[in-house]
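Student: Handing over work.csv, CSV, C-alpha atoms.
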chain,number,residue,atom,x,y,z
M,113,MET,CA,3.2,5.1,-25.8
M,114,ARG,CA,4.2,4.8,-22.1
M,115,ARG,CA,1.1,6.8,-21.0
M,116,ARG,CA,-1.1,4.4,-23.1
M,117,GLN,CA,0.5,1.5,-21.3
M,118,VAL,CA,0.1,3.0,-17.9
M,119,SER,CA,-3.5,4.0,-18.6
M,120,GLY,CA,-4.4,0.6,-19.9
M,121,THR,CA,-2.8,-1.1,-16.9
M,122,THR,CA,-4.6,1.2,-14.5
M,123,LEU,CA,-8.0,0.6,-16.1
M,124,LEU,CA,-7.4,-3.1,-16.0
M,125,ILE,CA,-6.5,-3.0,-12.3
M,126,ALA,CA,-9.7,-1.0,-11.7
M,127,GLY,CA,-11.7,-3.7,-13.6
M,128,LEU,CA,-10.1,-6.4,-11.5
M,129,TYR,CA,-10.8,-4.4,-8.3
M,130,ILE,CA,-14.5,-4.2,-9.1
M,131,SER,CA,-14.6,-7.9,-10.0
M,132,PHE,CA,-13.1,-9.3,-6.8
M,133,LEU,CA,-15.0,-6.9,-4.6
M,134,THR,CA,-18.2,-8.1,-6.3
M,135,ALA,CA,-17.1,-11.7,-5.7
M,136,ASP,CA,-16.2,-11.1,-2.1
M,137,ILE,CA,-19.6,-9.4,-1.4
M,138,TRP,CA,-21.6,-11.9,-3.4
M,139,THR,CA,-20.0,-15.0,-1.7
M,140,GLY,CA,-19.4,-13.4,1.7
M,141,ASP,CA,-15.9,-15.0,1.5
M,142,PRO,CA,-12.9,-12.8,0.6
M,143,PHE,CA,-10.7,-15.9,0.4
M,144,ASN,CA,-12.6,-17.7,-2.4
M,145,LEU,CA,-10.3,-19.1,-5.1
M,146,PHE,CA,-11.4,-16.7,-7.9
M,147,SER,CA,-10.9,-13.7,-5.7
M,148,ARG,CA,-7.5,-14.8,-4.5
M,149,ILE,CA,-6.2,-15.3,-8.1
M,150,ILE,CA,-7.6,-12.0,-9.3
M,151,LYS,CA,-6.2,-10.1,-6.3
M,152,TYR,CA,-2.7,-11.5,-6.9
M,153,LEU,CA,-2.9,-10.7,-10.6
M,154,SER,CA,-3.7,-7.1,-9.7
M,155,ILE,CA,-0.6,-6.9,-7.5
M,156,LEU,CA,1.5,-8.2,-10.4
M,157,LEU,CA,0.1,-5.5,-12.6
M,158,CYS,CA,1.0,-2.9,-10.0
M,159,LEU,CA,4.5,-4.3,-10.0
M,160,SER,CA,4.6,-4.0,-13.8
M,161,LEU,CA,3.8,-0.3,-13.4
M,162,THR,CA,7.0,0.1,-11.3
M,163,LEU,CA,9.0,-1.7,-14.0
M,164,SER,CA,7.8,0.7,-16.7
M,165,PHE,CA,9.2,4.0,-15.4
M,166,GLY,CA,11.9,4.4,-18.1
M,167,GLN,CA,12.9,8.1,-18.0
M,168,GLU,CA,9.6,9.1,-16.2
M,169,GLY,CA,10.7,8.1,-12.7
M,170,HIS,CA,12.0,10.6,-10.1
M,171,ASP,CA,15.6,9.4,-10.0
M,172,ARG,CA,17.5,6.1,-10.2
M,173,ARG,CA,17.5,5.5,-6.4
M,174,ASP,CA,13.7,6.1,-6.1
M,175,LYS,CA,12.9,3.8,-9.0
M,176,THR,CA,15.1,1.0,-7.6
M,177,THR,CA,13.7,1.4,-4.1
M,178,LEU,CA,10.1,1.3,-5.3
M,179,ARG,CA,10.7,-1.7,-7.4
M,180,VAL,CA,12.2,-3.6,-4.5
M,181,ALA,CA,9.2,-2.7,-2.4
M,182,PHE,CA,6.8,-4.1,-5.0
M,183,MET,CA,8.8,-7.2,-5.6
M,184,LEU,CA,8.7,-7.9,-1.8
M,185,THR,CA,5.0,-7.1,-1.8
M,186,ALA,CA,4.4,-9.7,-4.6
M,187,ILE,CA,6.4,-12.2,-2.5
M,188,ALA,CA,4.4,-11.4,0.7
M,189,ASP,CA,1.1,-11.7,-1.1
M,190,LEU,CA,2.1,-15.0,-2.6
M,191,VAL,CA,3.1,-16.3,0.9
M,192,ILE,CA,-0.1,-15.1,2.6
M,193,GLY,CA,-2.8,-15.0,0.0
M,194,ILE,CA,-1.8,-18.1,-2.0
M,195,SER,CA,0.2,-20.2,0.4
M,196,GLY,CA,-1.6,-19.1,3.6
M,197,TYR,CA,1.6,-18.6,5.8
M,198,PHE,CA,0.6,-15.6,7.8
M,199,VAL,CA,3.6,-15.1,10.0
M,200,ALA,CA,6.1,-15.6,7.2
M,201,GLY,CA,4.0,-13.1,5.1
M,202,VAL,CA,4.0,-10.5,7.8
M,203,SER,CA,7.8,-10.9,8.1
M,204,VAL,CA,8.1,-10.0,4.4
M,205,PHE,CA,5.7,-7.1,4.8
M,206,PHE,CA,7.9,-5.9,7.6
M,207,LEU,CA,10.7,-5.7,5.0
M,208,VAL,CA,8.3,-3.9,2.7
M,209,GLN,CA,7.7,-1.2,5.3
M,210,LEU,CA,11.4,-0.8,5.9
M,211,VAL,CA,11.9,-0.1,2.2
M,212,TYR,CA,9.1,2.4,2.3
M,213,ILE,CA,10.7,4.1,5.4
M,214,LEU,CA,13.9,4.4,3.4
M,215,ARG,CA,12.1,5.8,0.4
M,216,HIS,CA,9.9,8.3,2.1
M,217,SER,CA,12.4,9.6,4.6
M,218,ARG,CA,14.3,11.6,1.9
M,219,GLY,CA,14.6,15.2,2.9
M,220,PHE,CA,13.6,14.4,6.5
M,221,VAL,CA,14.7,16.9,9.2
M,222,TRP,CA,13.4,17.2,12.7
M,223,ASN,CA,10.9,20.1,13.0
M,224,ARG,CA,7.5,20.8,14.6
M,225,ASN,CA,5.6,19.1,11.8
M,226,GLU,CA,7.5,15.9,12.1
M,227,ILE,CA,7.3,15.8,15.9
M,228,ILE,CA,3.5,16.5,16.0
M,229,SER,CA,2.6,14.1,13.2
M,230,GLY,CA,4.8,11.4,14.7
M,231,LEU,CA,3.2,11.7,18.1
M,232,ILE,CA,-0.3,11.6,16.5
M,233,VAL,CA,0.5,8.5,14.5
M,234,LEU,CA,2.1,6.8,17.5
M,235,ALA,CA,-0.9,7.5,19.6
M,236,VAL,CA,-3.3,6.1,17.0
M,237,VAL,CA,-1.3,3.0,16.4
M,238,GLY,CA,-0.9,2.4,20.1
M,239,ALA,CA,-4.6,2.8,20.8
M,240,ILE,CA,-5.5,0.4,18.0
M,241,PHE,CA,-3.0,-2.2,19.1
M,242,PHE,CA,-4.3,-2.0,22.6
M,243,TYR,CA,-7.8,-2.7,21.3
M,244,ILE,CA,-6.9,-5.7,19.2
M,245,HIS,CA,-4.2,-7.3,21.4
M,246,PRO,CA,-6.5,-9.8,23.2
M,247,GLY,CA,-7.2,-11.5,19.9
M,248,LEU,CA,-3.5,-11.5,18.9
M,249,LEU,CA,-2.6,-13.0,22.2
M,250,GLU,CA,-5.2,-15.8,21.7
M,251,LYS,CA,-3.7,-16.6,18.3
M,252,GLY,CA,-0.1,-16.3,19.3
M,253,LEU,CA,0.5,-13.3,17.0
M,254,PHE,CA,1.2,-10.6,19.6
M,255,TRP,CA,4.9,-10.1,19.0
M,256,PRO,CA,5.0,-10.4,15.2
M,257,VAL,CA,2.1,-8.0,14.8
M,258,LEU,CA,3.6,-5.6,17.5
M,259,VAL,CA,6.9,-5.4,15.6
M,260,TYR,CA,5.1,-5.0,12.3
M,261,SER,CA,2.8,-2.3,13.7
M,262,LEU,CA,5.8,-0.2,14.8
M,263,ALA,CA,7.2,-0.4,11.3
M,264,LEU,CA,3.9,0.4,9.8
M,265,GLY,CA,3.3,3.4,12.0
M,266,THR,CA,6.8,4.8,11.2
M,267,SER,CA,6.1,4.2,7.5
M,268,LEU,CA,2.8,6.0,7.7
M,269,TRP,CA,4.4,8.9,9.6
M,270,LEU,CA,7.2,9.4,7.0
M,271,ALA,CA,4.8,9.0,4.1
M,272,LEU,CA,2.5,11.8,5.4
M,273,GLY,CA,5.6,13.9,5.8
M,274,THR,CA,6.3,13.8,2.1
M,275,MET,CA,3.6,16.4,1.8
M,276,TRP,CA,5.8,19.1,3.4
M,277,ARG,CA,9.2,17.8,2.6
M,278,LYS,CA,11.0,18.9,-0.6
M,279,PHE,CA,12.0,15.8,-2.5
M,280,PHE,CA,8.7,14.4,-3.9
M,281,PRO,CA,6.6,16.9,-5.9
M,282,ARG,CA,2.9,17.0,-5.9
M,283,PRO,CA,0.8,15.0,-7.0
M,284,ALA,CA,3.4,12.3,-6.2
M,285,SER,CA,3.6,13.2,-2.5
M,286,PHE,CA,-0.2,13.2,-2.4
M,287,PHE,CA,-0.2,9.7,-3.9
M,288,ILE,CA,2.4,8.5,-1.3
M,289,ALA,CA,0.4,9.9,1.6
M,290,ALA,CA,-2.9,8.6,0.4
M,291,GLY,CA,-1.4,5.3,-0.6
M,292,MET,CA,0.2,4.7,2.8
M,293,LEU,CA,-2.9,5.8,4.6
M,294,ALA,CA,-4.9,3.2,2.6
M,295,PHE,CA,-2.2,0.7,3.4
M,296,PHE,CA,-2.7,1.5,7.1
M,297,LEU,CA,-6.5,1.2,6.9
M,298,CYS,CA,-6.0,-2.2,5.1
M,299,ASP,CA,-3.9,-3.5,8.0
M,300,LEU,CA,-6.2,-2.0,10.5
M,301,SER,CA,-9.1,-3.9,8.9
M,302,LEU,CA,-7.0,-7.1,9.0
M,303,GLY,CA,-6.2,-6.5,12.7
M,304,LEU,CA,-9.9,-5.9,13.5
M,305,SER,CA,-10.9,-9.0,11.6
M,306,SER,CA,-8.6,-11.0,13.9
M,307,GLY,CA,-10.3,-9.6,16.9
M,308,PRO,CA,-13.9,-9.0,17.9
M,309,ASP,CA,-15.1,-7.9,14.5
M,310,SER,CA,-14.5,-10.5,11.8
M,311,ARG,CA,-16.7,-8.6,9.3
M,312,ALA,CA,-13.8,-6.1,8.8
M,313,ARG,CA,-12.0,-8.7,6.6
M,314,ILE,CA,-14.1,-7.7,3.7
M,315,LEU,CA,-12.4,-4.2,3.9
M,316,VAL,CA,-8.8,-5.5,3.7
M,317,TRP,CA,-8.6,-5.5,-0.1
M,318,PHE,CA,-11.0,-2.6,-0.4
M,319,PHE,CA,-8.1,-0.5,0.9
M,320,TYR,CA,-5.2,-2.6,-0.1
M,321,LEU,CA,-5.3,-2.5,-3.9
M,322,PRO,CA,-5.9,1.3,-4.0
M,323,ALA,CA,-2.9,1.6,-1.7
M,324,GLN,CA,-0.7,-0.4,-4.0
M,325,LEU,CA,-1.9,1.4,-7.2
M,326,LEU,CA,-1.3,4.9,-5.6
M,327,LEU,CA,2.2,3.9,-4.4
M,328,ALA,CA,3.1,2.5,-7.8
M,329,LEU,CA,1.9,5.6,-9.6
M,330,SER,CA,3.8,7.8,-7.1
M,331,GLY,CA,7.0,6.8,-8.8
M,332,TYR,CA,6.2,8.7,-11.9
M,333,ARG,CA,7.3,12.3,-12.4
M,334,VAL,CA,4.8,15.1,-11.8
M,335,ALA,CA,4.6,16.1,-15.5
M,336,PHE,CA,3.8,12.5,-16.5
M,337,LEU,CA,1.2,12.1,-13.7
M,338,GLY,CA,-0.4,15.4,-14.7
M,339,ARG,CA,-0.9,14.3,-18.3
M,340,PHE,CA,-1.9,10.8,-17.2
M,341,LEU,CA,-4.6,12.1,-14.8
M,342,GLY,CA,-5.9,14.6,-17.3
M,343,GLU,CA,-6.3,11.8,-19.9
M,344,LEU,CA,-8.1,9.6,-17.3
M,345,ARG,CA,-10.5,12.4,-16.5
M,346,THR,CA,-11.3,13.5,-20.1
M,347,GLY,CA,-11.1,10.0,-21.7
M,348,ALA,CA,-8.7,11.5,-24.3
M,349,ASN,CA,-6.3,9.2,-26.2
M,350,PRO,CA,-2.7,9.4,-25.1
Any chance you could put this one into structure tokens?

Tutor:
Amino acid sequence: MRRRQVSGTTLLIAGLYISFLTADIWTGDPFNLFSRIIKYLSILLCLSLTLSFGQEGHDRRDKTTLRVAFMLTAIADLVIGISGYFVAGVSVFFLVQLVYILRHSRGFVWNRNEIISGLIVLAVVGAIFFYIHPGLLEKGLFWPVLVYSLALGTSLWLALGTMWRKFFPRPASFFIAAGMLAFFLCDLSLGLSSGPDSRARILVWFFYLPAQLLLALSGYRVAFLGRFLGELRTGANP
């Protein structure tokens, strides 16, 4: 029954994803009213996935942490996407990244993998921020985005590290790494759209919703995910 619910919700999210991408491309405006409503509905559906873990989550702490992250995400998207308060929304997304840092740091110990991956992520984030900072200065967003970028980079670094740490099994660790990478690409597109290339704004939700779906699904145990993915591939009934 739970797999049927998760499968149905996932397929509905996929349908909403196609619908708002079509609307964004057709109108050339990713902020049209139809698209904004459908996008927020898709985030609420991702939140519902985290509320449906039951006994299929990893442990009590992980379920609680992920639910808090998605509740904050729903608030942040309401503040930015519906109300239009960018700085306030970024502040809430900063809290979201702190929660993900807490979640994805489980099993962390300093070693060569952590150091090398951390330096690479820091270099990439630094180079991107240097590229977009003139536009941020012009709009008075330099400091809020700088603080958020540091949290986002740390969050991406720790998410990638779940691939070699011991707590999260595969495919959950893969979902976490891919989800946070998509989250990073979403925010990169947002940053680029505030700078020289405003066309990048069409890519924000292209990456954002897959990021949220992957992160939501990462909260399920590996056995559940294996059966769930098998059913999606074969089209078999739960």

Student: Using atom CA of Phe165 of chain M and atom CA of Tyr332 of chain M as the two end points, give the distance in Å to one decimal.

Tutor: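 Separation between atom CA of Phe165 of chain M and atom CA of Tyr332 of chain M: 6.6 Å.
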
Student: So which one's closest to Leu123 of chain M, M:Thr139, M:Ser154, M:Gln209, M:Ser147? Using only C-alpha atoms, please.

Tutor: M:Ser154

Student: Report as a PDB file with C-alpha atoms, in the coordinates of the input all protein, DNA and RNA residues lying within 8 Å of Met292 of chain M, evaluated on only C-alpha atoms, omitting residues in the same chain fewer than 6 positions from it.

Tutor:
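The file below, result_18.pdb, is the result:
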ATOM      1  CA  SER M 267       6.100   4.200   7.500  1.00  0.00           C
ATOM      2  CA  LEU M 268       2.800   6.000   7.700  1.00  0.00           C
ATOM      3  CA  ALA M 271       4.800   9.000   4.100  1.00  0.00           C
ATOM      4  CA  LEU M 272       2.500  11.800   5.400  1.00  0.00           C
ATOM      5  CA  ALA M 323      -2.900   1.600  -1.700  1.00  0.00           C
ATOM      6  CA  LEU M 327       2.200   3.900  -4.400  1.00  0.00           C
TER       7      LEU M 327
END

Student: Select, from M:Ser305, M:Gly265, M:Glu250, M:Phe198, the residue with the minimum atom-to-atom distance to Gly238 of chain M, counting all atoms listed in the file.

Tutor: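 Nearest candidate to Gly238 of chain M out of M:Ser305, M:Gly265, M:Glu250, M:Phe198: M:Gly265.
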
Student: Select all residues near (4.2, -9.3, -2.5) (cut-off 12 Å, inclusive, file coordinates), counting only C-alpha atoms, and output them as a PyMOL selection string.

Tutor: chain M and resi 151-159+179-195+200-209+320-321+324

Student: Mind giving me the straight-line distance from atom CA of Phe318 of chain M to atom CA of Gly303 of chain M in Å, one decimal?

Tutor: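 Value for the atom CA of Phe318 of chain M-atom CA of Gly303 of chain M distance: 14.5 Å.
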
Student: Ranking M:Leu161, M:Ser217, M:Val257, M:Tyr243 by minimum distance to Gly120 of chain M and counting all atoms listed in the file, which one comes first?

Tutor: M:Leu161

Student: Show me the residues close to (3.3, 14.3, 16.6) - anything with an atom within 12 Å, counting all atoms listed in the file - and format the list as an MDAnalysis selection string.

Tutor: chainID M and resid 222:236 265:266 269:270 272:273

Student: So that I can see what lies close to Leu178 of chain M, please list as an NGL selection string the residues with an atom at most 8 Å from it, counting all atoms listed in the file and leaving out residues fewer than 6 positions away in the same chain.

Tutor: :M and (162 or 211-212 or 215 or 328 or 331)

Student: Filtering to C-alpha atoms, could you give me those residues as a CSV table (one decimal), in the coordinates of the input?

Tutor:
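Saved the output as out30.csv:
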chain,number,residue,atom,x,y,z
M,162,THR,CA,7.0,0.1,-11.3
M,211,VAL,CA,11.9,-0.1,2.2
M,212,TYR,CA,9.1,2.4,2.3
M,215,ARG,CA,12.1,5.8,0.4
M,328,ALA,CA,3.1,2.5,-7.8
M,331,GLY,CA,7.0,6.8,-8.8

Student: For each of M:Asp299, M:Arg277, M:Gly252, M:Ala335, take the minimum atom-to-atom distance to Trp317 of chain M, counting all atoms listed in the file, then give the residue where this is smallest.

Tutor: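 Under the stated criterion, the closest residue is M:Asp299.
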
Student: One decimal, Å: what's the distance from atom CA of Ile125 of chain M over to atom CA of Ala312 of chain M, could you say?

Tutor: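 Atom-to-atom, atom CA of Ile125 of chain M to atom CA of Ala312 of chain M, that is 22.5 Å.
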
Student: Which residues, written as a list in words, have at least one atom at most 10 Å from Leu329 of chain M, with all atoms listed in the file counted and residues fewer than 3 positions away on the same chain left out?

Tutor: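 Within the cut-off, the hits are Val118, Thr122, Cys158, Leu161, Thr162, Phe165, Gly169, Pro283, Ala284, Phe287, Ile288, Gly291, Gln324, Leu325, Leu326, Tyr332, Arg333, Phe336, Leu337 and Phe340 of chain M.
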
Student: In terms of the shortest atom-to-atom distance over only C-alpha atoms, which of M:Gly338, M:Ser160, M:Gly219, M:His170 is closest to Trp276 of chain M?

Tutor: M:Gly219

Student: If we count only C-alpha atoms, what is near Leu300 of chain M at a cut-off of 10 Å, once residues fewer than 3 positions away on the same chain are taken out, given as a list of chain:residue names?

Tutor: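 Near Leu300 of chain M, the qualifying residues are M:Val237, M:Ile240, M:Phe241, M:Ile244, M:Ser261, M:Ala294, M:Phe295, M:Phe296, M:Leu297, M:Gly303, M:Leu304, M:Ser305, M:Ser306, M:Ala312, M:Arg313, M:Leu315, M:Val316, M:Phe319.
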
Student: Measuring between all atoms listed in the file, which one of M:Val199, M:Cys298, M:Arg339, M:Pro322 shows the shortest distance to Leu128 of chain M?

Tutor: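 The answer is M:Pro322, which sits nearest to Leu128 of chain M.
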
Student: I need segment 158-211 of chain M from the structure I supplied, saved as a compact mmCIF listing (two decimals), in the first residue's frame with C-alpha atoms retained.

Tutor:
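New file selection.txt:
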# COMPACT_ATOMS: atom_id res chain seq x y z
CA CYS M 158 7.51 16.09 -2.04
CA LEU M 159 6.85 17.08 1.56
CA SER M 160 4.08 14.49 1.70
CA LEU M 161 6.59 11.81 0.71
CA THR M 162 8.66 12.60 3.80
CA LEU M 163 5.56 12.37 5.96
CA SER M 164 4.82 8.87 4.66
CA PHE M 165 7.93 7.01 5.82
CA GLY M 166 6.28 4.89 8.50
CA GLN M 167 8.68 2.03 9.22
CA GLU M 168 10.41 2.47 5.86
CA GLY M 169 12.69 5.32 6.96
CA HIS M 170 16.33 4.89 8.01
CA ASP M 171 15.89 5.80 11.66
CA ARG M 172 13.91 8.21 13.80
CA ARG M 173 16.55 10.95 13.70
CA ASP M 174 16.86 10.86 9.92
CA LYS M 175 13.11 10.91 9.38
CA THR M 176 12.71 13.90 11.69
CA THR M 177 15.62 15.79 10.14
CA LEU M 178 14.38 15.28 6.59
CA ARG M 179 10.85 16.31 7.50
CA VAL M 180 12.14 19.52 9.08
CA ALA M 181 14.18 20.24 5.91
CA PHE M 182 11.10 19.85 3.72
CA MET M 183 8.84 21.87 5.99
CA LEU M 184 11.37 24.70 5.84
CA THR M 185 11.63 24.25 2.06
CA ALA M 186 7.86 24.60 1.73
CA ILE M 187 8.02 27.80 3.79
CA ALA M 188 10.93 29.17 1.73
CA ASP M 189 9.17 28.47 -1.57
CA LEU M 190 6.03 30.13 -0.25
CA VAL M 191 8.04 33.21 0.75
CA ILE M 192 9.96 33.45 -2.55
CA GLY M 193 7.75 31.86 -5.18
CA ILE M 194 4.35 33.04 -3.99
CA SER M 195 5.05 36.14 -1.89
CA GLY M 196 8.14 37.34 -3.77
CA TYR M 197 10.36 38.13 -0.74
CA PHE M 198 13.76 37.03 -2.02
CA VAL M 199 16.06 37.86 0.92
CA ALA M 200 13.64 36.38 3.46
CA GLY M 201 13.34 33.24 1.33
CA VAL M 202 17.12 32.91 1.05
CA SER M 203 17.31 33.16 4.84
CA VAL M 204 14.95 30.21 5.19
CA PHE M 205 16.87 28.26 2.53
CA PHE M 206 19.99 28.93 4.59
CA LEU M 207 18.28 27.07 7.45
CA VAL M 208 17.37 24.30 5.01
CA GLN M 209 21.03 23.85 4.10
CA LEU M 210 22.01 23.78 7.78
CA VAL M 211 19.54 20.95 8.34
